[in-house]
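J.: Input file: coords.txt. Contents: compact mmCIF, C-alpha atoms and all ligand atoms.
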# COMPACT_ATOMS: atom_id res chain seq x y z
CA VAL A 276 -74.89 182.80 -5.24
CA VAL A 277 -74.70 181.30 -1.74
CA CYS A 278 -76.76 178.28 -2.88
CA ASP A 279 -74.53 177.74 -5.90
CA LEU A 280 -71.33 178.01 -3.91
CA SER A 281 -72.45 175.94 -0.92
CA GLY A 282 -74.05 173.39 -3.28
CA PHE A 283 -70.75 173.07 -5.13
CA ALA A 284 -68.84 172.70 -1.86
CA ALA A 285 -71.33 170.05 -0.67
CA ALA A 286 -71.07 168.18 -3.98
CA THR A 287 -67.28 167.96 -3.85
CA TYR A 288 -66.37 167.87 -0.15
CA ASN A 289 -65.63 164.22 0.77
CA ARG A 290 -66.97 163.41 -2.73
CA GLY A 291 -70.37 164.70 -1.67
CA VAL A 292 -72.22 165.49 1.55
CA SER A 293 -75.91 166.33 2.11
CA VAL A 294 -77.09 169.89 1.75
CA ALA A 295 -80.37 171.73 2.34
CA PHE A 296 -81.12 175.24 1.13
CA VAL A 297 -83.04 178.08 2.71
CA PRO A 298 -82.95 180.56 -0.20
CA THR A 299 -83.49 184.21 0.65
CA THR A 300 -83.92 185.80 -2.78
CA LEU A 301 -86.97 185.36 -5.00
CA LEU A 302 -84.70 184.17 -7.82
CA ALA A 303 -83.24 181.43 -5.64
CA GLN A 304 -86.64 180.40 -4.23
CA VAL A 305 -88.20 179.93 -7.66
CA ASP A 306 -85.14 178.71 -9.54
CA ALA A 307 -81.53 178.53 -8.35
CA ALA A 308 -82.10 176.47 -5.17
CA ILE A 309 -84.12 173.81 -7.01
CA GLY A 310 -82.72 171.24 -9.40
CA GLY A 311 -79.27 170.47 -8.03
CA LYS A 312 -77.19 172.49 -10.47
CA ASN A 313 -74.44 174.49 -8.88
CA GLY A 314 -72.15 176.61 -10.95
CA VAL A 315 -69.37 179.08 -10.40
CA ASN A 316 -68.50 181.69 -13.00
CA LEU A 317 -65.00 182.04 -14.41
CA ALA A 318 -63.69 185.04 -16.33
CA GLY A 319 -64.22 183.08 -19.56
CA GLY A 320 -67.91 182.31 -19.07
CA LYS A 321 -70.88 181.58 -16.87
CA ASN A 322 -70.97 178.47 -14.67
CA LEU A 323 -67.83 176.93 -16.16
CA VAL A 324 -67.17 175.08 -12.90
CA GLY A 325 -70.03 173.02 -11.52
CA THR A 326 -71.75 169.74 -10.78
CA ILE A 327 -75.26 168.39 -10.34
CA HIS A 328 -75.97 167.50 -6.68
CA GLN A 329 -79.56 167.52 -5.39
CA PRO A 330 -80.32 169.24 -2.09
CA ARG A 331 -82.15 167.08 0.48
CA ALA A 332 -84.62 169.91 1.06
CA VAL A 333 -85.41 173.45 -0.05
CA VAL A 334 -87.30 175.65 2.42
CA CYS A 335 -88.80 178.86 1.03
CA ASP A 336 -90.00 181.50 3.48
CA VAL A 337 -91.45 184.40 1.49
CA GLU A 338 -91.33 186.71 4.52
CA VAL A 339 -87.55 187.06 4.10
CA LEU A 340 -88.16 188.61 0.67
CA ALA A 341 -89.47 191.79 2.31
CA SER A 342 -85.91 192.98 2.97
CA LEU A 343 -84.78 192.54 -0.65
CA SER A 344 -84.24 195.70 -2.65
CA PRO A 345 -87.06 196.22 -5.17
CA SER A 346 -84.73 195.60 -8.11
CA GLU A 347 -83.58 192.24 -6.64
CA LEU A 348 -87.20 191.18 -6.14
CA VAL A 349 -88.07 192.18 -9.70
CA SER A 350 -85.02 190.33 -11.04
CA GLY A 351 -86.42 187.07 -9.67
CA MET A 352 -89.68 187.67 -11.51
CA ALA A 353 -87.92 187.07 -14.83
CA GLU A 354 -87.68 183.35 -14.05
CA VAL A 355 -91.34 183.32 -13.01
CA VAL A 356 -92.34 184.89 -16.32
CA LYS A 357 -90.11 182.28 -18.00
CA TYR A 358 -92.13 179.42 -16.46
CA GLY A 359 -95.31 181.08 -17.66
CA LEU A 360 -93.97 181.38 -21.20
CA ILE A 361 -92.61 177.83 -21.48
CA ALA A 362 -95.13 175.87 -19.45
CA ASP A 363 -98.01 177.70 -17.80
CA PRO A 364 -99.98 180.47 -19.56
CA GLY A 365 -102.14 180.73 -16.40
CA LEU A 366 -99.07 181.78 -14.43
CA LEU A 367 -98.36 184.45 -17.04
CA ALA A 368 -101.88 185.85 -16.57
CA GLN A 369 -101.44 185.71 -12.78
CA VAL A 370 -98.21 187.74 -13.01
CA GLU A 371 -99.96 190.43 -15.03
CA ARG A 372 -103.00 190.46 -12.77
CA ASP A 373 -101.05 190.53 -9.48
CA ALA A 374 -98.04 192.57 -10.64
CA THR A 375 -98.65 195.48 -8.25
CA ARG A 376 -99.14 193.19 -5.25
CA ILE A 377 -96.06 191.15 -6.19
CA VAL A 378 -93.67 194.09 -6.55
CA SER A 379 -94.96 195.55 -3.28
CA CYS A 380 -94.14 192.22 -1.61
CA ASP A 381 -97.67 191.10 -0.74
CA LEU A 382 -97.08 187.79 1.07
CA ASP A 383 -100.14 185.99 -0.32
CA ALA A 384 -99.32 186.96 -3.89
CA LEU A 385 -95.67 185.93 -3.42
CA THR A 386 -96.60 182.61 -1.80
CA GLU A 387 -98.75 181.67 -4.80
CA ILE A 388 -96.08 182.70 -7.28
CA VAL A 389 -93.25 180.90 -5.46
CA ALA A 390 -95.22 177.69 -4.94
CA ARG A 391 -96.42 177.55 -8.54
CA SER A 392 -92.97 178.31 -9.96
CA ALA A 393 -91.12 175.88 -7.68
CA ALA A 394 -93.57 173.13 -8.67
CA ILE A 395 -92.91 173.73 -12.38
CA LYS A 396 -89.13 173.74 -11.95
CA ALA A 397 -89.19 170.60 -9.77
CA SER A 398 -91.40 168.74 -12.21
CA VAL A 399 -89.28 169.59 -15.25
CA VAL A 400 -86.08 168.61 -13.41
CA ALA A 401 -87.66 165.37 -12.17
CA GLN A 402 -88.37 164.37 -15.77
CA ASP A 403 -84.77 164.94 -16.87
CA GLU A 404 -82.29 165.52 -14.06
CA THR A 405 -79.11 165.47 -16.14
CA GLU A 406 -80.48 167.60 -18.98
CA GLN A 407 -80.57 165.08 -21.81
CA ASP A 408 -83.48 166.95 -23.41
CA ARG A 409 -86.58 168.23 -21.52
CA ARG A 410 -84.69 170.17 -18.82
CA ALA A 411 -83.18 172.37 -21.50
CA ILE A 412 -86.51 174.23 -21.83
CA LEU A 413 -85.56 175.92 -18.54
CA ASN A 414 -82.81 177.67 -20.49
CA TYR A 415 -85.42 179.73 -22.34
CA GLY A 416 -83.92 183.19 -22.94
CA HIS A 417 -80.67 182.10 -21.34
CA THR A 418 -78.48 181.62 -24.43
CA PHE A 419 -78.98 185.31 -25.07
CA ALA A 420 -78.95 186.22 -21.37
CA HIS A 421 -75.62 184.57 -20.60
CA ALA A 422 -73.97 186.30 -23.54
CA PHE A 423 -75.57 189.62 -22.49
CA GLU A 424 -74.15 189.12 -18.99
CA VAL A 425 -70.66 188.22 -20.25
CA THR A 426 -70.40 191.00 -22.83
CA SER A 427 -71.64 193.66 -20.43
CA SER A 428 -69.24 192.29 -17.76
CA TYR A 429 -70.74 190.69 -14.65
CA GLY A 430 -72.49 193.15 -12.43
CA ALA A 431 -73.79 195.58 -15.04
CA LEU A 432 -76.92 193.47 -15.49
CA ARG A 433 -78.65 191.43 -12.82
CA HIS A 434 -79.28 187.83 -13.90
CA GLY A 435 -83.05 188.39 -14.07
CA GLU A 436 -82.67 191.56 -16.11
CA ALA A 437 -80.48 189.69 -18.59
CA VAL A 438 -83.05 186.86 -18.72
CA ALA A 439 -85.88 189.35 -19.40
CA LEU A 440 -83.92 190.83 -22.30
CA GLY A 441 -82.93 187.33 -23.43
CA MET A 442 -86.55 186.21 -23.60
CA MET A 443 -87.48 189.34 -25.60
CA ALA A 444 -84.61 188.53 -27.99
CA ALA A 445 -85.85 184.92 -28.22
CA ALA A 446 -89.40 186.15 -28.90
CA TYR A 447 -88.23 188.43 -31.72
CA THR A 448 -86.11 185.60 -33.12
CA ALA A 449 -89.03 183.15 -33.07
CA ASN A 450 -91.21 185.81 -34.72
CA GLU A 451 -88.56 186.41 -37.42
CA LEU A 452 -88.57 182.65 -38.12
CA GLY A 453 -92.37 182.56 -38.33
CA ARG A 454 -92.71 180.38 -35.21
CA ILE A 455 -94.80 182.82 -33.15
CA ASP A 456 -97.02 185.77 -34.07
CA GLU A 457 -96.90 189.37 -32.84
CA SER A 458 -99.45 188.69 -30.11
CA ALA A 459 -97.10 186.12 -28.54
CA VAL A 460 -94.26 188.68 -28.68
CA ASP A 461 -96.63 191.13 -26.97
CA ALA A 462 -97.39 188.59 -24.25
CA HIS A 463 -93.66 188.57 -23.40
CA ARG A 464 -93.48 192.35 -23.34
CA ARG A 465 -96.66 192.82 -21.27
CA ALA A 466 -95.69 190.34 -18.53
CA LEU A 467 -92.12 191.65 -18.20
CA ASP A 468 -93.22 195.26 -18.34
CA ALA A 469 -95.91 194.66 -15.68
CA VAL A 470 -93.21 193.83 -13.11
CA ASN A 471 -90.82 196.58 -14.30
CA LEU A 472 -88.30 194.29 -16.02
CA PRO A 473 -86.36 195.72 -18.99
CA VAL A 474 -87.58 194.85 -22.49
CA ARG A 475 -85.19 197.00 -24.55
CA ALA A 476 -81.38 197.11 -24.87
CA SER A 477 -78.69 197.20 -27.50
CA PHE A 478 -76.05 194.47 -27.96
CA ASP A 479 -73.36 193.79 -30.55
CA LEU A 480 -73.92 190.47 -32.36
CA THR A 481 -70.22 189.87 -33.03
CA ALA A 482 -69.43 190.19 -29.31
CA LEU A 483 -72.31 187.84 -28.44
CA GLU A 484 -71.03 185.28 -30.95
CA HIS A 485 -67.62 185.37 -29.31
CA ALA A 486 -69.23 184.71 -25.92
CA TRP A 487 -71.24 181.80 -27.37
CA THR A 488 -68.15 180.00 -28.65
CA LEU A 489 -66.78 179.99 -25.07
CA ASP A 490 -69.99 178.52 -23.63
CA LYS A 491 -69.83 174.98 -22.26
CA LYS A 492 -72.96 174.06 -24.22
CA TYR A 493 -71.41 175.15 -27.53
CA ARG A 494 -71.19 172.20 -29.91
CA GLY A 495 -70.29 173.47 -33.34
CA GLY A 496 -73.10 176.03 -33.38
CA THR A 497 -75.24 178.05 -31.02
CA ARG A 498 -78.52 176.38 -30.05
CA PHE A 499 -81.54 178.24 -28.79
CA VAL A 500 -84.77 177.43 -27.00
CA LEU A 501 -87.53 179.04 -29.05
CA LEU A 502 -91.29 178.99 -28.68
CA ASN A 503 -93.71 177.68 -31.28
CA GLY A 504 -96.45 179.36 -29.22
CA ILE A 505 -96.94 180.23 -25.55
CA GLY A 506 -96.26 177.07 -23.55
CA ARG A 507 -94.75 175.27 -26.57
CA PRO A 508 -90.95 175.42 -26.31
CA GLU A 509 -88.56 173.68 -28.68
CA THR A 510 -84.92 173.11 -27.75
CA GLY A 511 -81.77 172.85 -29.86
CA VAL A 512 -82.86 175.32 -32.55
CA THR A 513 -80.15 176.82 -34.77
CA VAL A 514 -80.83 180.30 -36.15
CA PRO A 515 -79.44 181.97 -39.29
CA ARG A 516 -77.25 184.98 -38.53
CA ASP A 517 -79.45 187.46 -40.37
CA ALA A 518 -82.48 186.50 -38.26
CA LEU A 519 -80.41 187.04 -35.09
CA ALA A 520 -79.29 190.43 -36.39
CA ARG A 521 -82.90 191.48 -37.10
CA ALA A 522 -84.05 190.25 -33.67
CA LEU A 523 -81.32 192.24 -31.91
CA GLY A 524 -82.24 195.26 -34.02
CA ARG A 525 -85.82 195.01 -32.73
CA LEU A 526 -84.59 194.54 -29.14
CA ALA A 527 -82.70 197.82 -29.44
CA ARG A 528 -85.73 199.83 -30.63
N1 LIG B 601 -77.86 176.89 -10.03
C1 LIG B 601 -78.92 177.24 -10.70
O1 LIG B 601 -79.74 176.41 -11.11
C2 LIG B 601 -79.17 178.69 -10.93
C3 LIG B 601 -80.37 179.08 -11.52
C4 LIG B 601 -80.61 180.44 -11.69
C5 LIG B 601 -79.67 181.37 -11.30
N2 LIG B 601 -78.52 180.96 -10.74
C6 LIG B 601 -77.52 181.94 -10.31
O2 LIG B 601 -78.05 182.68 -9.23
C7 LIG B 601 -77.42 183.97 -9.19
C8 LIG B 601 -78.45 185.04 -8.97
O3 LIG B 601 -79.15 184.75 -7.80
P1 LIG B 601 -79.64 185.87 -6.80
O4 LIG B 601 -80.48 186.85 -7.50
O5 LIG B 601 -80.22 185.11 -5.65
O6 LIG B 601 -78.27 186.65 -6.44
P2 LIG B 601 -77.47 186.90 -5.11
O7 LIG B 601 -77.25 185.66 -4.32
O8 LIG B 601 -76.27 187.66 -5.56
O9 LIG B 601 -78.39 187.88 -4.25
C9 LIG B 601 -78.64 189.19 -4.66
C10 LIG B 601 -78.34 190.19 -3.53
O10 LIG B 601 -79.37 190.11 -2.54
C11 LIG B 601 -78.79 190.03 -1.24
N3 LIG B 601 -79.77 189.31 -0.42
C12 LIG B 601 -80.07 187.99 -0.46
N4 LIG B 601 -81.13 187.72 0.32
C13 LIG B 601 -81.54 188.89 0.86
C14 LIG B 601 -82.61 189.26 1.72
N5 LIG B 601 -83.52 188.38 2.16
N6 LIG B 601 -82.72 190.57 2.07
C15 LIG B 601 -81.84 191.49 1.62
N7 LIG B 601 -80.84 191.22 0.78
C16 LIG B 601 -80.67 189.92 0.41
C17 LIG B 601 -77.48 189.36 -1.46
O11 LIG B 601 -76.57 189.62 -0.43
C18 LIG B 601 -77.03 189.98 -2.80
O12 LIG B 601 -76.45 191.24 -2.60
C19 LIG B 601 -76.71 184.13 -10.51
O13 LIG B 601 -75.32 183.99 -10.27
C20 LIG B 601 -77.22 182.97 -11.36
O14 LIG B 601 -76.28 182.52 -12.28
C21 LIG B 601 -78.25 179.64 -10.54
ZN ZN B 602 -81.76 181.99 -14.87
So that I can check it, write out the structure of this file as structure tokens.
Ligand SMILES: NC(=O)c1ccc[n+]([C@@H]2O[C@H](COP(=O)([O-])OP(=O)(O)OC[C@H]3O[C@@H](n4cnc5c(N)ncnc54)[C@H](O)[C@@H]3O)[C@@H](O)[C@H]2O)c1
Ligand SMILES: [Zn+2]

T.:
Amino acid sequence: VVCDLSGFAAATYNRGVSVAFVPTTLLAQVDAAIGGKNGVNLAGGKNLVGTIHQPRAVVCDVEVLASLSPSELVSGMAEVVKYGLIADPGLLAQVERDATRIVSCDLDALTEIVARSAAIKASVVAQDETEQDRRAILNYGHTFAHAFEVTSSYGALRHGEAVALGMMAAAYTANELGRIDESAVDAHRRALDAVNLPVRASFDLTALEHAWTLDKKYRGGTRFVLLNGIGRPETGVTVPRDALARALGRLAR
């Protein structure tokens, strides 16, 4: 939140001044501090005020993560699992293998995870800074997650918890559409479960649809990032309502 707010201030003060970030949450180290997006939530939706303004530097010191509450640390792992699912199956395996060391804040395990994740985010952003196409893969799980956050009112769900549930919903949706098989759905569940992220929750589709129409990315229909396999994301996918309803039904079980 501090990165987003100070990044927005830096982007607009004097029409833009330099900024460097020293993020102190895992989520910010692997995701929010990198890429230059800075957004502020309004009552009507997530990140409705914002700009893109790259920081001059991002300095990640994993030792500061030791003072985070366990649930804040775990929340950041959702974005790490996301990178594994969209771009790096090896990272997914590493999360499962090192889950215990990660959640107990082992500095070596965290250093590897942060470095690998930051490199993926930076490389995707470098290919497509203004999100014409490729960068949108970073929104995996987030169309669901943002609506989950809005409909459960900010604060009830941490961002990472919403993203974990959003990726499960995306996995079920892709499976309903025949894009991925059950073993790929399982890969989502195993990695998220390994780091104690939620994989089950119940949401009302009508309420989610209302939230989607208020989203700044809404252009005459809700678009999703779905996988055609682990590491094979496709952006801009529209989904029939009955498939969404079935996916949410499975998320609730
Ligand atoms: N701009 C982007 O590209 C981008 C990407 C992902 C997420 N985000 C945004 O980031 C936000 C979530 O980030 P977050 O998880 O960092 O939330 P946060 O900034 O709210 O931090 C979570 C909590 O941890 C505390 N805290 C921070 N560092 C600590 C430390 N070292 N020790 C103890 N406590 C500490 C904070 O005071 C706060 O209470 C969401 O609003 C999300 O929308 C932005
Ligand atoms: Zn996110």

J.: Enumerate as an MDAnalysis selection string the residues within 6 Å of ligand LIG 601 (chain B), counting all atoms listed in the file.

T.: chainID A and resid 276:277 279 299:300 302:303 306:307 312:314 339:340 342:343 434

J.: So the first atom is atom CA of A:Ile327 and the second is atom CA of A:Arg498; what is the distance between them in Å, to one decimal place?

T.: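 So the answer is 21.5 Å.
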
J.: Find the nearest atom pair between each residue of chain A and ligand ZN 602 (chain B) for residues within 9 Å, count all atoms listed in the file, give distances in Å to one decimal, sort rows by chain and ascending number, and present the table as a Markdown table.

T.:
| residue | atom | partner | partner_atom | distance |
| --- | --- | --- | --- | --- |
| A:Leu302 | CA | B:ZN602 | ZN | 7.9 |
| A:Asp306 | CA | B:ZN602 | ZN | 7.1 |
| A:Ala307 | CA | B:ZN602 | ZN | 7.4 |
| A:Gly351 | CA | B:ZN602 | ZN | 8.6 |
| A:Ala353 | CA | B:ZN602 | ZN | 8.0 |
| A:Glu354 | CA | B:ZN602 | ZN | 6.1 |
| A:Lys357 | CA | B:ZN602 | ZN | 8.9 |
| A:Leu413 | CA | B:ZN602 | ZN | 8.0 |
| A:Asn414 | CA | B:ZN602 | ZN | 7.2 |
| A:Tyr415 | CA | B:ZN602 | ZN | 8.6 |
| A:Gly416 | CA | B:ZN602 | ZN | 8.4 |
| A:His417 | CA | B:ZN602 | ZN | 6.6 |
| A:Ala420 | CA | B:ZN602 | ZN | 8.2 |
| A:His421 | CA | B:ZN602 | ZN | 8.8 |
| A:His434 | CA | B:ZN602 | ZN | 6.4 |
| A:Gly435 | CA | B:ZN602 | ZN | 6.6 |
| A:Ala437 | CA | B:ZN602 | ZN | 8.6 |
| A:Val438 | CA | B:ZN602 | ZN | 6.3 |

J.: Choose the residue, out of A:Val337, A:Ala446, A:Ala527, A:Leu452, that has the smallest atom-to-atom separation from A:Ala384; count only C-alpha atoms.

T.: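 Among A:Val337, A:Ala446, A:Ala527, A:Leu452, it is A:Val337 that comes nearest to A:Ala384.
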
J.: So how many Å separate atom CA of A:Glu404 and atom CA of A:His328, to one decimal?

T.: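 Taking atom CA of A:Glu404 and atom CA of A:His328, their separation equals 9.9 Å.
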
J.: Between A:Cys278, A:Ala476, A:Val333, A:Val292, which has the minimum distance to A:Ala393 (counting only C-alpha atoms)?

T.: A:Val333

J.: Which of these, A:Ser344, A:Asn316, A:Gly506, A:Ser281, has the shortest distance to A:Ala462 once you count all atoms listed in the file?

T.: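 That would be A:Gly506, the residue with the smallest distance to A:Ala462.
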
J.: What does the distance between atom CA of A:Ile412 and atom CA of A:Leu360 come to in Å, to one decimal place?

T.: 10.4 Å

J.: May I ask which of the residues A:Ile309, A:Met443, A:Ala469, A:Val425 is the closest one to A:Val400, counting all atoms listed in the file?

T.: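 Going through A:Ile309, A:Met443, A:Ala469, A:Val425 one by one, the smallest distance to A:Val400 is for A:Ile309.
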
J.: Step by step: start from the point (-72.0, 170.9, -8.3) in the file's coordinates, keep every protein, DNA or RNA residue that has an atom no farther than 12 Å from it, count all atoms listed in the file, and write the set as a PyMOL selection string.

T.: chain A and resi 278-288+290-292+294+308+310-315+322-330+405

J.: Return the single residue from A:Ala341, A:Val356, A:Ala318, A:Leu385 that is closest to A:Leu467, with distances computed using only C-alpha atoms.

T.: A:Val356

J.: Find, counting all atoms listed in the file, the residue in A:Arg525, A:Arg372, A:Lys321, A:Arg454 that gets nearest to A:Arg507.

T.: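 Comparing A:Arg525, A:Arg372, A:Lys321, A:Arg454 against A:Arg507, the winner is A:Arg454.
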
J.: Excluding A:Arg516 and residues on its chain fewer than 6 positions from it, collect all residues at most 12 Å away from it, counting only C-alpha atoms, and give them as a list in words.

T.: Thr448, Glu451, Leu452, Leu480, Thr481, Leu483, Glu484, Gly496, Thr497, Ala522 and Leu523 of chain A
